[in-house]
Amino acid sequence: MEVDDSSIKWIDSDGNIVPIPVALIGALLFGPGVSVTHEAIKVLAASNCFAAWVGEDSLLFYAAGFIPTANTYNLNRQIQLYANETSRLEVAKRMFMERFPGVDLENKTLPMLMGMEGGRVKALYIKMSKKYQIDWKGRMFIPGRFERSDMTNKCITACNTALYAIICSCLHAMGFSPRIGFIHSGSPLPFAYDIADLYKEYYCIDLAFSLSRELNGHYQREKVREAFLSRVIEGDLIENITLDITRILGLKDACTFR
């Protein structure tokens with residue numbers, strides 16, 4: 001990837017040149033074998049296009065760049081909410097309310113809420129296996145050993161990783177940190193995982209079981225990628241993420257990209 005007359009162009013292995021409208025793209029993921037010039041990174045940053053370096057099939061997240069328009073305004077507010085035990089639990093409860101509508105969560109502790117969520121997800125897997133008539137033996141993912149998973153687990157892992165990348169892009173663009181979570185902790189991207197749980201049912205789990213039936217035992221990453229992208233566009237996911245983050249954190253103007 002390099003710059004040609006102030007615009008970004010991609011040169012593939014066959015020498016084909018593909019112009020990339022980075023001003024209209026939220027994020028670019030660089031996988032193994034990609035080379036990029038310093039000038040290209042400068043143009044990406046100036047265009048507010050998030051750059052991330054990932055593993056094969058985007059299943060590992062190595063590093064990400066910073067967007068120059070971001071400052072510490074929203075980050076300070078995120079830290080304030082996290083540092084106070086009461087406000088931290090309030091934020092967590094807002095996230096769980098999305099998944100347990102009508103349930104009184106007033107006297108629930110975080111461990112209790114996480115236990116409820118675990119039961120909900122297990123039931124969801126069983127529901128989807130019946131819906132799509134897929135044999136389900138449980139969630140299984142071994143880092144670095146993607147091929148050892150069954151078809152449905154491969155699709156779930158691929159969709160989850162793509163979802164995390166999109167959410168990280170939104171968080172960075174809004175000036176938040178994906179590393180300061182309100183439910184998850186001790187993991188690489190706690191806040192990204194917090195937010196992802198709001199969308200996994202439709203964008204990852206339902207889609208994975210659907211694809212598992214359609215692909216009939218033969219994993220095809222391009223079809224998985226296209227199907228995921230189709231749902232992202234149809235569901236207007238990026239706009240919903242920014243609005244949901246603002247509402248969940250109890251903020252009024254966090255959607256302003258500062």
# chains A, B, ... in the order shown; residues from 1 in each chain; ligands from 1

$ select_by_dssp --residues "stretch 88-130 of chain A" --states "alpha helix (DSSP H)" --output "number ranges by chain"
A: 88-99, 110-130

$ residues_around --residues "A:Lys131" --least-positions-apart "4" --cutoff "9 Å" --atoms "only C-alpha atoms" --output "PyMOL selection string"
chain A and resi 126-127+209-210

$ closest_atom_pairs --of "stretch 57-140 of chain A" --to "stretch 212-218 of chain A" --cutoff "9 Å" --atoms "only C-alpha atoms" --output "CSV"
residue,atom,partner,partner_atom,distance
A:Tyr132,CA,A:Arg213,CA,6.7
A:Gln133,CA,A:Arg213,CA,7.8
A:Ile134,CA,A:Arg213,CA,6.8

$ residues_around --residues "A:Leu251" --least-positions-apart "3" --cutoff "12 Å" --atoms "only C-alpha atoms" --output "list of chain:residue names"
A:Tyr73, A:Asn74, A:Arg77, A:Gln78, A:Leu81, A:Val91, A:Thr242, A:Leu243, A:Asp244, A:Ile245, A:Thr246, A:Arg247, A:Ile248, A:Ala254, A:Cys255, A:Thr256

$ write_last_selection --atoms "C-alpha atoms" --output "tab-separated table (two decimals), in the first residue's frame"
chain	number	residue	atom	x	y	z
A	73	TYR	CA	-12.27	14.37	26.57
A	74	ASN	CA	-14.31	11.17	26.25
A	77	ARG	CA	-15.29	10.56	31.26
A	78	GLN	CA	-14.89	6.82	30.63
A	81	LEU	CA	-17.27	6.15	35.29
A	91	VAL	CA	-23.03	1.22	33.28
A	242	THR	CA	-21.84	5.01	18.38
A	243	LEU	CA	-25.37	5.76	19.57
A	244	ASP	CA	-25.44	2.79	21.96
A	245	ILE	CA	-22.08	3.67	23.52
A	246	THR	CA	-23.29	7.22	24.13
A	247	ARG	CA	-26.53	6.03	25.72
A	248	ILE	CA	-24.96	3.27	27.82
A	254	ALA	CA	-20.05	11.41	22.97
A	255	CYS	CA	-20.92	10.83	19.31
A	256	THR	CA	-19.07	14.01	18.46

$ closest_residue --among "A:Ala23, A:Ala51, A:Leu105, A:Lys154" --to "A:Tyr219" --atoms "only C-alpha atoms"
A:Lys154

$ closest_residue --among "A:Trp10, A:Tyr82, A:Trp136, A:Phe30" --to "A:Gly181" --atoms "only C-alpha atoms"
A:Tyr82

$ closest_residue --among "A:Gly33, A:Ile183, A:Ile8, A:Ile142" --to "A:Leu110" --atoms "only C-alpha atoms"
A:Ile183

$ closest_residue --among "A:Asn160, A:Ser13, A:Ser185, A:Ser149" --to "A:Ala208" --atoms "only C-alpha atoms"
A:Asn160

$ atom_distance --atom1 "atom CA of A:Phe50" --atom2 "atom CA of A:His172"
7.8 Å

$ closest_residue --among "A:Val36, A:Thr109, A:Lys130, A:Leu163" --to "A:Thr86" --atoms "only C-alpha atoms"
A:Thr109
